[in-house]
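So this one's model27.cif, mmCIF, C-alpha atoms:
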data_data
loop_
_atom_site.label_atom_id
_atom_site.label_comp_id
_atom_site.auth_asym_id
_atom_site.auth_seq_id
_atom_site.Cartn_x
_atom_site.Cartn_y
_atom_site.Cartn_z
CA MET A 1 0.00 0.00 0.00
CA ASP A 2 1.15 3.50 -0.76
CA GLU A 3 2.67 5.06 2.39
CA GLY A 4 1.50 8.56 1.41
CA LEU A 5 -2.11 7.42 0.99
CA LYS A 6 -1.90 5.59 4.29
CA SER A 7 -0.79 8.65 6.24
CA GLU A 8 -3.33 10.83 4.38
CA LEU A 9 -6.15 8.50 5.41
CA ARG A 10 -4.80 8.43 8.98
CA LYS A 11 -5.24 12.19 9.16
CA GLN A 12 -8.88 11.66 8.28
CA GLY A 13 -9.28 9.21 11.14
CA ILE A 14 -9.07 6.06 9.02
CA PHE A 15 -6.49 3.51 10.13
CA LEU A 16 -5.36 1.09 7.47
CA THR A 17 -2.73 -1.57 7.88
CA SER A 18 -1.57 -4.79 6.29
CA PHE A 19 -1.47 -8.19 7.90
CA GLU A 20 2.30 -8.18 7.49
CA ASP A 21 2.71 -4.91 9.40
CA LEU A 22 0.40 -6.08 12.16
CA TYR A 23 2.10 -9.46 12.46
CA ASN A 24 5.59 -7.97 12.61
CA TRP A 25 4.43 -5.25 14.99
CA GLY A 26 3.15 -7.91 17.36
CA ARG A 27 6.27 -10.05 17.00
CA LYS A 28 8.75 -7.30 17.59
CA ASN A 29 7.04 -5.83 20.65
CA SER A 30 6.71 -9.02 22.67
CA ILE A 31 10.12 -10.65 22.53
CA TRP A 32 10.27 -12.65 25.71
CA PRO A 33 13.82 -13.66 26.59
CA LEU A 34 14.86 -16.92 28.15
CA GLY A 35 16.02 -16.20 31.68
CA PHE A 36 19.51 -17.60 31.87
CA GLY A 37 22.96 -16.13 32.17
CA LEU A 38 26.38 -17.70 31.91
CA ALA A 39 28.80 -15.16 33.37
CA CYS A 40 29.31 -11.49 34.22
CA CYS A 41 27.39 -10.31 31.12
CA ALA A 42 24.31 -11.73 32.80
CA ILE A 43 24.67 -9.09 35.52
CA GLU A 44 24.44 -6.37 32.87
CA MET A 45 21.46 -8.17 31.35
CA ILE A 46 19.76 -8.18 34.75
CA ALA A 47 20.55 -4.48 35.16
CA THR A 48 18.98 -3.84 31.76
CA SER A 49 15.76 -5.45 32.89
CA MET A 50 15.55 -3.35 36.06
CA ALA A 51 14.11 0.12 36.59
CA ARG A 52 17.08 2.23 35.51
CA TRP A 53 17.24 0.92 31.94
CA ASP A 54 13.78 -0.63 31.95
CA LEU A 55 13.67 -3.26 29.24
CA ALA A 56 9.88 -3.24 29.69
CA ARG A 57 9.75 -0.26 27.33
CA PHE A 58 10.48 -2.73 24.54
CA GLY A 59 7.93 -5.30 25.64
CA ALA A 60 10.70 -7.73 26.53
CA GLU A 61 10.77 -7.68 30.30
CA VAL A 62 9.10 -11.05 30.79
CA PHE A 63 12.08 -13.33 31.34
CA ARG A 64 10.75 -16.86 30.98
CA PRO A 65 12.04 -19.73 33.09
CA SER A 66 11.22 -22.28 30.38
CA PRO A 67 12.55 -22.43 26.81
CA ARG A 68 9.03 -23.46 25.67
CA GLN A 69 7.74 -19.98 26.50
CA ALA A 70 10.68 -17.95 25.27
CA ASP A 71 11.23 -16.18 21.94
CA LEU A 72 14.72 -14.89 22.47
CA MET A 73 17.88 -16.43 23.79
CA ILE A 74 20.37 -13.92 25.16
CA VAL A 75 23.66 -15.80 25.36
CA ALA A 76 25.11 -13.61 28.09
CA GLY A 77 28.59 -14.70 29.01
CA THR A 78 31.35 -17.22 28.42
CA VAL A 79 30.14 -20.42 26.81
CA THR A 80 32.37 -23.19 28.09
CA LYS A 81 32.76 -26.35 26.07
CA LYS A 82 31.03 -28.19 28.88
CA MET A 83 28.05 -25.81 28.70
CA ALA A 84 27.76 -25.53 24.90
CA PRO A 85 25.68 -28.71 24.35
CA GLN A 86 23.19 -27.51 26.95
CA VAL A 87 22.90 -24.09 25.29
CA VAL A 88 22.24 -25.71 21.91
CA ARG A 89 19.71 -28.06 23.50
CA LEU A 90 17.87 -25.11 25.09
CA TYR A 91 17.80 -23.38 21.70
CA ASN A 92 16.35 -26.52 20.13
CA GLN A 93 13.60 -26.58 22.74
CA MET A 94 12.43 -23.04 21.98
CA PRO A 95 9.43 -22.71 19.67
CA GLU A 96 9.61 -20.76 16.42
CA PRO A 97 9.92 -17.89 15.73
CA LYS A 98 13.06 -17.64 17.84
CA TYR A 99 15.98 -15.25 17.93
CA VAL A 100 19.44 -15.22 19.44
CA ILE A 101 21.48 -12.30 20.75
CA ALA A 102 25.12 -13.17 21.48
CA MET A 103 26.09 -10.75 24.21
CA GLY A 104 29.68 -9.87 24.95
CA ALA A 105 33.13 -10.75 23.70
CA CYS A 106 33.00 -14.34 25.03
CA ALA A 107 29.67 -15.26 23.49
CA ILE A 108 30.64 -13.90 20.07
CA SER A 109 34.23 -15.14 19.89
CA GLY A 110 35.54 -16.61 23.13
CA GLY A 111 36.81 -13.16 24.08
CA PRO A 112 39.72 -13.02 26.50
CA PHE A 113 39.45 -16.78 26.98
CA LYS A 114 39.74 -17.62 23.25
CA GLN A 115 41.93 -20.70 22.67
CA GLY A 116 41.44 -21.67 26.29
CA TYR A 117 41.09 -25.42 26.70
CA ASN A 118 37.54 -25.15 28.01
CA VAL A 119 36.05 -22.17 26.15
CA LEU A 120 33.96 -22.24 23.00
CA LYS A 121 35.06 -19.67 20.41
CA GLY A 122 31.60 -18.18 19.89
CA ILE A 123 28.12 -19.68 20.13
CA ASP A 124 27.54 -18.87 16.43
CA ARG A 125 29.49 -22.04 15.67
CA TYR A 126 26.44 -24.13 16.56
CA ILE A 127 23.33 -21.94 16.35
CA PRO A 128 22.38 -19.00 14.10
CA VAL A 129 22.87 -15.65 15.86
CA ASP A 130 20.77 -12.62 14.92
CA VAL A 131 22.65 -9.85 16.73
CA HIS A 132 26.23 -9.86 18.03
CA ILE A 133 27.17 -7.35 20.76
CA PRO A 134 30.85 -6.72 21.42
CA GLY A 135 32.04 -5.47 24.80
CA CYS A 136 33.40 -6.92 28.00
CA PRO A 137 30.82 -6.71 29.36
CA PRO A 138 28.61 -4.58 27.08
CA ARG A 139 26.80 -1.74 28.83
CA PRO A 140 23.04 -2.05 29.26
CA GLU A 141 22.72 0.58 26.53
CA ALA A 142 24.47 -1.81 24.16
CA LEU A 143 21.99 -4.56 25.01
CA LEU A 144 19.11 -2.13 24.44
CA HIS A 145 20.65 -1.22 21.10
CA ALA A 146 20.80 -4.93 20.25
CA PHE A 147 17.10 -5.20 21.11
CA MET A 148 16.28 -2.27 18.86
CA THR A 149 18.42 -3.79 16.10
CA LEU A 150 16.53 -7.05 16.46
CA GLN A 151 13.20 -5.22 16.43
CA ARG A 152 14.16 -3.40 13.25
CA LYS A 153 15.25 -6.69 11.71
CA ILE A 154 11.89 -8.26 12.54
CA ASP A 155 9.97 -5.21 11.33
CA GLU A 156 11.65 -5.27 7.93
CA GLN A 157 10.99 -8.93 7.27
CA ALA A 158 8.58 -9.71 4.43
CA LEU A 159 6.29 -12.64 5.23
CA THR A 160 6.28 -13.93 1.67
CA GLY A 161 8.95 -14.34 -0.94
CA PRO A 162 12.45 -15.76 -0.73
CA ASP A 163 13.54 -13.48 2.14
CA ARG A 164 10.76 -14.51 4.50
CA PRO A 165 11.75 -15.43 8.07
CA ALA A 166 13.06 -18.92 8.71
CA HIS A 167 10.03 -20.06 10.69
CA LEU A 168 7.85 -19.60 7.60
CA VAL A 169 10.11 -21.75 5.45
CA ALA A 170 9.02 -25.35 5.86
CA GLN A 171 12.42 -26.85 4.98
CA ALA A 172 14.45 -24.48 7.16
CA PRO A 173 15.87 -26.24 10.21
CA SER A 174 14.45 -25.34 13.60
CA GLU A 175 16.77 -27.58 15.56
CA PHE A 176 20.53 -27.88 15.27
CA PRO A 177 22.76 -30.84 16.11
CA VAL A 178 23.95 -30.88 19.70
CA PRO A 179 27.75 -31.24 19.89
CA GLN A 180 29.11 -34.27 21.70
CA TYR A 181 31.84 -34.38 24.34
CA GLY A 182 34.94 -35.78 22.64
CA GLU A 183 38.22 -37.02 24.04
CA HIS A 184 40.04 -33.75 23.31
CA ASP A 185 37.41 -31.25 22.15
CA LEU A 186 33.75 -30.94 21.27
CA GLU A 187 32.74 -33.03 18.29
CA PRO A 188 32.24 -31.51 15.82
CA PRO A 189 34.11 -28.29 16.79
CA ASN A 190 31.56 -26.32 14.75
CA ASN A 191 28.48 -26.87 12.64
CA PRO A 192 29.59 -26.20 9.04
CA LYS A 193 25.97 -25.48 8.01
CA VAL A 194 25.86 -22.54 10.41
CA TRP A 195 29.46 -21.36 10.53
CA ARG A 196 32.63 -21.68 8.51
CA PRO A 197 36.15 -20.68 9.55
CA PRO A 198 37.27 -17.30 8.23
CA VAL A 199 39.18 -17.32 4.96
CA PRO A 200 42.74 -15.99 5.09
CA VAL A 201 43.07 -12.43 3.85
CA THR A 202 45.50 -12.30 0.96
CA SER A 203 47.01 -8.89 0.46
CA MET B 204 52.67 -15.42 65.61
CA MET B 205 53.54 -18.86 64.45
CA GLU B 206 56.88 -20.45 65.38
CA SER B 207 59.63 -20.56 62.75
CA LEU B 208 59.64 -23.37 60.21
CA GLU B 209 62.79 -24.86 61.73
CA GLN B 210 61.15 -25.06 65.16
CA LEU B 211 58.02 -26.46 63.63
CA LYS B 212 60.01 -29.06 61.68
CA SER B 213 61.71 -30.40 64.78
CA ARG B 214 58.44 -30.45 66.66
CA ILE B 215 56.78 -32.38 63.83
CA GLU B 216 59.62 -34.90 63.77
CA GLN B 217 59.17 -35.45 67.49
CA ALA B 218 55.42 -35.83 67.26
CA ILE B 219 55.25 -38.15 64.23
CA GLY B 220 57.74 -40.99 64.14
CA GLY B 221 59.45 -41.76 60.83
CA ILE B 222 58.17 -38.66 59.05
CA ARG B 223 60.35 -36.99 56.43
CA VAL B 224 59.88 -33.22 56.31
CA GLU B 225 62.02 -30.80 54.39
CA ILE B 226 61.98 -27.02 54.18
CA VAL B 227 61.84 -25.50 50.69
CA VAL B 228 63.43 -22.08 50.82
CA ASN B 229 61.78 -19.31 48.85
CA GLY B 230 64.54 -16.93 47.83
CA SER B 231 62.28 -14.07 46.81
CA THR B 232 61.50 -11.06 49.01
CA SER B 233 58.26 -12.67 50.14
CA ALA B 234 60.41 -15.35 51.83
CA GLN B 235 57.42 -17.63 51.97
CA HIS B 236 59.18 -20.90 52.74
CA SER B 237 57.29 -24.14 52.64
CA LEU B 238 57.34 -27.69 53.95
CA VAL B 239 57.57 -30.83 51.82
CA VAL B 240 56.24 -33.95 53.44
CA ASP B 241 56.41 -37.58 52.39
CA ASN B 242 53.22 -39.18 51.13
CA GLU B 243 52.89 -41.84 53.83
CA HIS B 244 52.70 -39.34 56.69
CA ALA B 245 50.98 -36.44 54.93
CA LEU B 246 47.51 -37.07 56.34
CA GLU B 247 48.88 -37.65 59.81
CA LEU B 248 50.77 -34.36 59.55
CA ALA B 249 47.64 -32.61 58.29
CA ARG B 250 45.71 -33.76 61.35
CA PHE B 251 48.62 -32.67 63.58
CA LEU B 252 48.69 -29.19 62.03
CA ARG B 253 44.96 -28.86 62.42
CA ASN B 254 44.74 -30.08 66.02
CA ASP B 255 47.96 -28.83 67.60
CA PRO B 256 46.91 -26.20 70.20
CA SER B 257 49.59 -23.67 69.19
CA LEU B 258 48.95 -24.06 65.44
CA ARG B 259 45.24 -24.82 64.96
CA LEU B 260 45.55 -24.55 61.14
CA ASP B 261 41.85 -25.14 60.62
CA TYR B 262 41.43 -23.62 57.17
CA ALA B 263 42.90 -24.78 53.84
CA SER B 264 42.35 -21.61 51.85
CA ASN B 265 43.93 -22.77 48.62
CA VAL B 266 45.06 -26.01 47.07
CA THR B 267 46.83 -25.92 43.76
CA GLY B 268 48.92 -28.11 41.50
CA ILE B 269 52.29 -27.68 39.85
CA ASP B 270 53.79 -29.70 37.02
CA TRP B 271 57.56 -30.03 37.24
CA LEU B 272 59.00 -31.40 34.01
CA ASP B 273 61.98 -33.74 33.77
CA THR B 274 65.12 -31.64 33.89
CA VAL B 275 68.51 -32.25 32.34
CA THR B 276 71.38 -30.27 33.84
CA LYS B 277 74.81 -30.30 32.25
CA LYS B 278 77.82 -30.37 34.53
CA VAL B 279 81.47 -30.07 33.59
CA VAL B 280 83.54 -32.67 35.43
CA LYS B 281 87.32 -33.01 35.38
CA VAL B 282 88.32 -36.52 34.41
CA LYS B 283 91.82 -37.94 34.59
CA GLN B 284 92.77 -39.83 31.48
CA ILE B 285 95.96 -41.26 30.14
CA VAL B 286 96.58 -39.80 26.73
CA GLY B 287 99.72 -41.06 24.99
CA GLY B 288 101.28 -42.33 28.20
CA VAL B 289 100.80 -38.99 29.99
CA GLU B 290 98.07 -38.46 32.56
CA LYS B 291 95.99 -35.44 31.73
CA GLU B 292 92.97 -33.76 33.23
CA LEU B 293 90.20 -33.40 30.69
CA ASP B 294 86.86 -31.60 30.89
CA GLN B 295 83.90 -33.82 30.34
CA THR B 296 80.25 -32.79 30.32
CA VAL B 297 77.98 -35.07 32.25
CA GLU B 298 74.24 -34.93 31.84
CA GLU B 299 72.33 -35.25 35.05
CA LYS B 300 68.71 -36.26 34.54
CA LYS B 301 66.21 -35.47 37.23
CA PRO B 302 62.79 -37.02 36.82
CA GLY B 303 59.89 -34.59 36.99
CA TYR B 304 57.00 -34.88 39.34
CA LEU B 305 53.58 -33.44 40.06
CA GLU B 306 53.05 -31.43 43.18
CA ALA B 307 50.07 -30.32 45.25
CA VAL B 308 50.46 -27.18 47.35
CA TYR B 309 48.24 -26.41 50.34
CA HIS B 310 47.97 -22.93 51.87
CA LEU B 311 46.87 -23.27 55.48
CA TYR B 312 45.58 -20.62 57.84
CA SER B 313 44.19 -20.57 61.32
CA ILE B 314 40.91 -18.74 61.71
CA GLU B 315 40.96 -19.35 65.42
CA LEU B 316 44.48 -18.02 66.14
CA LYS B 317 44.55 -15.62 63.17
CA HIS B 318 47.83 -16.73 61.68
CA GLY B 319 49.12 -18.23 58.49
CA PRO B 320 49.80 -19.11 55.82
CA LEU B 321 51.73 -22.29 56.22
CA VAL B 322 52.60 -23.72 52.82
CA LEU B 323 52.57 -27.48 52.63
CA ARG B 324 53.71 -29.47 49.60
CA VAL B 325 53.31 -33.11 48.64
CA ARG B 326 54.97 -34.62 45.58
CA THR B 327 54.27 -37.61 43.38
CA ALA B 328 57.01 -40.07 42.49
CA ASP B 329 56.88 -39.21 38.80
CA ARG B 330 54.67 -37.68 36.12
CA GLN B 331 53.48 -40.93 34.55
CA ASP B 332 52.13 -43.93 36.42
CA ARG B 333 53.14 -43.19 39.97
CA ASN B 334 50.96 -40.12 40.21
CA HIS B 335 49.19 -40.88 43.46
CA LEU B 336 49.02 -38.58 46.48
CA PRO B 337 47.13 -38.94 49.74
CA SER B 338 43.99 -36.81 49.87
CA LEU B 339 43.96 -34.28 52.70
CA THR B 340 40.20 -33.82 52.41
CA PRO B 341 39.66 -35.90 55.59
CA ALA B 342 41.56 -33.15 57.45
CA TRP B 343 40.22 -30.10 55.58
CA ARG B 344 36.82 -30.42 53.93
CA SER B 345 37.49 -27.30 51.84
CA ALA B 346 40.16 -29.23 49.92
CA GLU B 347 37.58 -31.51 48.33
CA PHE B 348 36.70 -29.50 45.22
CA GLN B 349 40.22 -28.14 44.83
CA GLU B 350 41.71 -31.63 44.86
CA ARG B 351 39.12 -32.59 42.28
CA GLU B 352 40.26 -29.66 40.16
CA ILE B 353 43.89 -30.76 40.46
CA PHE B 354 42.86 -34.28 39.49
CA ASP B 355 40.98 -32.83 36.52
CA LEU B 356 43.69 -30.51 35.22
CA TYR B 357 46.94 -32.22 36.30
CA GLY B 358 45.98 -35.88 36.59
CA ILE B 359 47.09 -36.41 40.19
CA ILE B 360 45.10 -39.22 41.79
CA PHE B 361 44.21 -38.44 45.40
CA ASP B 362 43.86 -41.64 47.41
CA GLY B 363 41.20 -41.40 50.08
CA HIS B 364 39.25 -38.62 48.35
CA PRO B 365 35.51 -39.08 48.94
CA ASP B 366 34.39 -38.21 45.38
CA LEU B 367 37.20 -37.99 42.85
CA ARG B 368 35.67 -37.00 39.50
CA ARG B 369 36.46 -34.41 36.87
CA ILE B 370 35.00 -31.04 37.82
CA LEU B 371 35.69 -28.49 35.04
CA MET B 372 36.07 -30.79 32.08
CA TRP B 373 33.64 -33.55 31.15
CA GLU B 374 33.83 -37.27 31.84
CA GLY B 375 35.52 -38.87 28.85
CA PHE B 376 37.97 -36.01 28.36
CA LYS B 377 41.39 -37.60 28.04
CA ASP B 378 43.91 -34.77 28.51
CA PHE B 379 45.20 -32.84 31.49
CA PRO B 380 45.16 -29.24 30.23
CA MET B 381 47.36 -27.65 32.91
CA ARG B 382 50.26 -30.02 32.35
CA LYS B 383 53.13 -28.40 30.55
CA ASP B 384 53.15 -31.02 27.80
CA TYR B 385 49.43 -30.61 27.04
CA VAL B 386 48.77 -30.61 23.31
CA GLU B 387 45.86 -28.28 22.52
CA PRO B 388 43.45 -28.96 19.65
CA ASP B 389 44.74 -27.62 16.34
CA ASP B 390 42.00 -25.03 15.88
CA TYR B 391 43.65 -21.66 15.28
CA GLU B 392 41.84 -19.47 12.76
CA TYR B 393 42.39 -16.21 10.97
CA GLU B 394 41.06 -13.25 12.88
CA PRO B 395 41.19 -9.52 12.18
CA THR B 396 43.76 -8.81 14.89
CA ALA B 397 45.79 -12.01 14.70
CA HIS B 398 49.36 -11.54 15.80
CA ASP B 399 52.54 -13.29 16.93
CA GLU B 400 52.07 -16.86 18.07
CA VAL B 401 48.40 -17.02 17.13
CA LEU B 402 49.11 -15.86 13.58
CA GLU B 403 52.00 -18.32 13.28
CA LYS B 404 49.88 -21.27 14.40
CA THR B 405 47.09 -20.18 12.08
CA LYS B 406 49.45 -20.04 9.11
CA GLN B 407 50.83 -23.47 9.92
CA ARG B 408 47.36 -24.96 10.14
CA TYR B 409 46.10 -23.38 6.93
CA SER B 410 49.21 -24.33 4.99
CA ARG B 411 48.76 -27.93 6.19
CA GLU B 412 45.09 -27.99 5.21
CA HIS B 413 45.52 -26.34 1.84
CA ALA B 414 48.67 -28.25 0.91
#
Take the structure in the file and give it back as C-alpha cells.
Amino acid sequence: MDEGLKSELRKQGIFLTSFEDLYNWGRKNSIWPLGFGLACCAIEMIATSMARWDLARFGAEVFRPSPRQADLMIVAGTVTKKMAPQVVRLYNQMPEPKYVIAMGACAISGGPFKQGYNVLKGIDRYIPVDVHIPGCPPRPEALLHAFMTLQRKIDEQALTGPDRPAHLVAQAPSEFPVPQYGEHDLEPPNNPKVWRPPVPVTS
Amino acid sequence: MMESLEQLKSRIEQAIGGIRVEIVVNGSTSAQHSLVVDNEHALELARFLRNDPSLRLDYASNVTGIDWLDTVTKKVVKVKQIVGGVEKELDQTVEEKKPGYLEAVYHLYSIELKHGPLVLRVRTADRQDRNHLPSLTPAWRSAEFQEREIFDLYGIIFDGHPDLRRILMWEGFKDFPMRKDYVEPDDYEYEPTAHDEVLEKTKQRYSREHA
C-alpha cells in the first residue's frame, strides 16, 4: 500500500494496515527472553531489565524460566565447552519464531578466553545468531541497542517471498545438532551449516 | 605469631615418628618458605597441624597443582685420562637427569588463632604412572573441590578422596590441560587482529590444510 495514501487517510481518522505490518508489529514488541545467564554479562542483562534501563519499554521484560515460552535467547557470558551442548539443546527446545542475541566478547568469539582449553570460540558455531554485541561486558545501553536492532530486523521482514523469516520456510531447520563431548574437544568443533572458519586475507 | 619453620620441623619430627619433612626455601623477598612432606605421613601431619593447640591450622584456603617437568642439567667434570702415556685432566660434560613430578600445594591458615599461611607441599614419584598422592580432604573439607580440580587438570590421583571426579572438564575427556606437555586442539583461525604466536599457528594450520 502506498505510504502517502496511508498517512493521508490516517489524518482523516481512518487507520489502514496490512497483515504483514500487524504481524511484525506484534512479534517485535513481545520478545520474551529466556532467563539464563552464563557469566558477568548476565549481571548487565539483569541491570537492563531493572528500573534504571527498563527493558519493559520494549515489551521484553518477561524473562521466561522455560525455553518453551521464550522467543529470544540472550547468550550472556562465556560459553564453556562443557556448557555448549546444553545451550544448543535449550535453543532446540524453543518454539519458532526464535531469535538469538550473542552478548559480549566471550559469546561472540571466546573473548579473553579464546583458545582456552575449556572455552567455545563463539556460540555462532552451533546456532544462528541474529545480533552480536561486542564489549566486555557490554553496557546495558548496548543490550538495548541490540534489542532495537533485532526489532528493526523483525519489522523489515517480508512474510512472503524468498527473504521470508526462517520459521515460515518449511524446509528451514528449527533444531541444530547438539555437539558431543569428545576425548580432546567438542565433536564436531563447529556446525559447518551454520558457521565456517574465516578465509585468510591475501594482500 | 607462628613459630619458625625450623622449630616447627623439629616439633613435627618429634610428634610423628618416621616422618620426612624438608623445608623449601623461597629466595624471593616474600620469603614464603614451605614444607615438603612424604606421602605416607601427609595425612597424619595434616591432622597434627589442624589439632595442635599452638597451630590450629583449621582452614585450607587454597590447594593448587604444579607440574615439574623432567630436567637435564649439564655439569662439567674433570676426568683424569691417560693420553699417549701422559696423565691429563680433561673436561667432560655429564648430563644429570632429574625425573619430573607433580606437586600439590596447600595454603593453610588458622581462623581461630589468626595466623598463616603455612605452605605445605606433597609430591608424586613421577609424572606418569606413579601419580598418586594422599587426599587431605579428611583433614580439611574445603580441599575436596580443589583436589578434584587438580585431578581434573593435572591428573594427580588423590587416594582417600571421597568423590574424585572431573570437575571443570567432562567425563571422557582424556587430557590434562594444565600439564606443561598438554597438546591443545589444532583449531587456530584467521582473525582480524591475529598476531605473533596465534598468527603463526594459524598459518601453519592453513598451509597444512591447503597443501
Using 7 Å as the limit and counting all atoms listed in the file, can you tabulate each residue of chain A that touches chain B, with its shortest atom-to-atom distance in Å and the two atoms involved, as a tab-separated table?
residue	atom	partner	partner_atom	distance
A:Lys82	CA	B:Trp373	CA	6.4
A:Tyr117	CA	B:Pro380	CA	6.6
A:Gly182	CA	B:Phe376	CA	6.5
A:Glu183	CA	B:Phe376	CA	4.4
A:His184	CA	B:Phe376	CA	5.9
A:Asp185	CA	B:Pro388	CA	6.9
A:Pro197	CA	B:Glu392	CA	6.6
A:Pro198	CA	B:Tyr393	CA	5.9
A:Val199	CA	B:Tyr393	CA	6.9
A:Pro200	CA	B:Tyr393	CA	5.9
Mind writing the picked residues with C-alpha atoms as a tab-separated table (two decimals), in the frame of the given file?
chain	number	residue	atom	x	y	z
A	82	LYS	CA	31.03	-28.19	28.88
A	117	TYR	CA	41.09	-25.42	26.70
A	182	GLY	CA	34.94	-35.78	22.64
A	183	GLU	CA	38.22	-37.02	24.04
A	184	HIS	CA	40.04	-33.75	23.31
A	185	ASP	CA	37.41	-31.25	22.15
A	197	PRO	CA	36.15	-20.68	9.55
A	198	PRO	CA	37.27	-17.30	8.23
A	199	VAL	CA	39.18	-17.32	4.96
A	200	PRO	CA	42.74	-15.99	5.09
Residues around (17.0, -23.1, 20.4), cut-off 8 Å, counting all atoms listed in the file - what are they as a list of chain:residue names? A:Pro67, A:Met73, A:Val87, A:Val88, A:Arg89, A:Leu90, A:Tyr91, A:Asn92, A:Gln93, A:Met94, A:Pro95, A:Lys98, A:Ile127, A:Ser174, A:Glu175, A:Phe176
Could those residues be written to a file, using C-alpha atoms, as an mmCIF file, in the coordinates of the input?
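After the write, result-v3.cif holds the following:
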data_model
loop_
_atom_site.group_PDB
_atom_site.id
_atom_site.type_symbol
_atom_site.label_atom_id
_atom_site.label_comp_id
_atom_site.auth_asym_id
_atom_site.auth_seq_id
_atom_site.Cartn_x
_atom_site.Cartn_y
_atom_site.Cartn_z
ATOM 1 C CA PRO A 67 12.550 -22.430 26.810
ATOM 2 C CA MET A 73 17.880 -16.430 23.790
ATOM 3 C CA VAL A 87 22.900 -24.090 25.290
ATOM 4 C CA VAL A 88 22.240 -25.710 21.910
ATOM 5 C CA ARG A 89 19.710 -28.060 23.500
ATOM 6 C CA LEU A 90 17.870 -25.110 25.090
ATOM 7 C CA TYR A 91 17.800 -23.380 21.700
ATOM 8 C CA ASN A 92 16.350 -26.520 20.130
ATOM 9 C CA GLN A 93 13.600 -26.580 22.740
ATOM 10 C CA MET A 94 12.430 -23.040 21.980
ATOM 11 C CA PRO A 95 9.430 -22.710 19.670
ATOM 12 C CA LYS A 98 13.060 -17.640 17.840
ATOM 13 C CA ILE A 127 23.330 -21.940 16.350
ATOM 14 C CA SER A 174 14.450 -25.340 13.600
ATOM 15 C CA GLU A 175 16.770 -27.580 15.560
ATOM 16 C CA PHE A 176 20.530 -27.880 15.270
#
Expansion of the PyMOL selection byres ((chain B and resi 264) around 12) into residues, as a short mmCIF file (atom, residue, chain, number, x, y, z; two decimals) with C-alpha atoms, in the coordinates of the input:
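Generated file (out24.cif):
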data_model
loop_
_atom_site.label_atom_id
_atom_site.label_comp_id
_atom_site.auth_asym_id
_atom_site.auth_seq_id
_atom_site.Cartn_x
_atom_site.Cartn_y
_atom_site.Cartn_z
CA LEU B 260 45.55 -24.55 61.14
CA ASP B 261 41.85 -25.14 60.62
CA TYR B 262 41.43 -23.62 57.17
CA ALA B 263 42.90 -24.78 53.84
CA ASN B 265 43.93 -22.77 48.62
CA VAL B 266 45.06 -26.01 47.07
CA THR B 267 46.83 -25.92 43.76
CA VAL B 308 50.46 -27.18 47.35
CA TYR B 309 48.24 -26.41 50.34
CA HIS B 310 47.97 -22.93 51.87
CA LEU B 311 46.87 -23.27 55.48
CA TYR B 312 45.58 -20.62 57.84
CA SER B 313 44.19 -20.57 61.32
CA ILE B 314 40.91 -18.74 61.71
CA GLY B 319 49.12 -18.23 58.49
CA PRO B 320 49.80 -19.11 55.82
CA LEU B 321 51.73 -22.29 56.22
CA VAL B 322 52.60 -23.72 52.82
CA LEU B 323 52.57 -27.48 52.63
CA TRP B 343 40.22 -30.10 55.58
CA ARG B 344 36.82 -30.42 53.93
CA SER B 345 37.49 -27.30 51.84
CA ALA B 346 40.16 -29.23 49.92
CA GLU B 347 37.58 -31.51 48.33
CA PHE B 348 36.70 -29.50 45.22
CA GLN B 349 40.22 -28.14 44.83
#
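When only C-alpha atoms are used to measure the gap to Lys114 of chain A, the shortest distance among B:Glu225, B:Lys212, B:Lys317, B:Ala397 belongs to B:Ala397.
What the PyMOL selection byres ((chain A and resi 144-151) around 8) matches in the given file is Lys28, Asn29, Thr48, Leu55, Phe58, Ile101, Asp130, Val131, His132, Ile133, Pro140, Glu141, Ala142, Leu143, Arg152, Lys153, Ile154 and Asp155 of chain A.
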Output the selection as a PDB file, in the coordinates of the input - C-alpha atoms for each residue.
ATOM      1  CA  LYS A  28       8.750  -7.300  17.590  1.00  0.00           C
ATOM      2  CA  ASN A  29       7.040  -5.830  20.650  1.00  0.00           C
ATOM      3  CA  THR A  48      18.980  -3.840  31.760  1.00  0.00           C
ATOM      4  CA  LEU A  55      13.670  -3.260  29.240  1.00  0.00           C
ATOM      5  CA  PHE A  58      10.480  -2.730  24.540  1.00  0.00           C
ATOM      6  CA  ILE A 101      21.480 -12.300  20.750  1.00  0.00           C
ATOM      7  CA  ASP A 130      20.770 -12.620  14.920  1.00  0.00           C
ATOM      8  CA  VAL A 131      22.650  -9.850  16.730  1.00  0.00           C
ATOM      9  CA  HIS A 132      26.230  -9.860  18.030  1.00  0.00           C
ATOM     10  CA  ILE A 133      27.170  -7.350  20.760  1.00  0.00           C
ATOM     11  CA  PRO A 140      23.040  -2.050  29.260  1.00  0.00           C
ATOM     12  CA  GLU A 141      22.720   0.580  26.530  1.00  0.00           C
ATOM     13  CA  ALA A 142      24.470  -1.810  24.160  1.00  0.00           C
ATOM     14  CA  LEU A 143      21.990  -4.560  25.010  1.00  0.00           C
ATOM     15  CA  ARG A 152      14.160  -3.400  13.250  1.00  0.00           C
ATOM     16  CA  LYS A 153      15.250  -6.690  11.710  1.00  0.00           C
ATOM     17  CA  ILE A 154      11.890  -8.260  12.540  1.00  0.00           C
ATOM     18  CA  ASP A 155       9.970  -5.210  11.330  1.00  0.00           C
TER      19      ASP A 155
END
Length of the atom CA of Lys6 of chain A to atom CA of Trp25 of chain A vector [Å]: 16.5 Å
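Picked by the PyMOL selection byres ((chain B and resi 334-339) around 6) from the coordinates shown: Leu246, Thr327, Asp332, Arg333, Thr340, Pro341, Ala342, Ile359, Ile360, Phe361, Asp362, Gly363 and His364 of chain B.
In this model, the gap between atom CA of Arg64 of chain A and atom CA of Val129 of chain A comes to 19.4 Å.
Reported to one decimal place, the separation of atom CA of Val297 of chain B from atom CA of Lys283 of chain B is 14.3 Å.
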Restricting the calculation to all atoms listed in the file: of A:Pro138, A:Asn118, A:Gly59, A:Pro162, which residue gets closest to Gly26 of chain A? A:Gly59
Name the residues within 10 Å of (60.5, -32.4, 52.7), counting all atoms listed in the file in the file's coordinates, and put them as a list in words. Lys212, Ile222, Arg223, Val224, Glu225, Ile226, Val227, Ser237, Leu238, Val239, Val240, Asp241, Leu323, Arg324, Val325 and Arg326 of chain B
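Distances here use all atoms listed in the file; by that measure, the residue among A:Leu22, A:Ala56, A:Leu38, A:Ala70 closest to Ala107 of chain A is A:Leu38.
Residue nearest Val79 of chain A, chosen from A:Pro173, A:Gly37, A:Pro65, A:Pro97 and counting only C-alpha atoms: A:Gly37.
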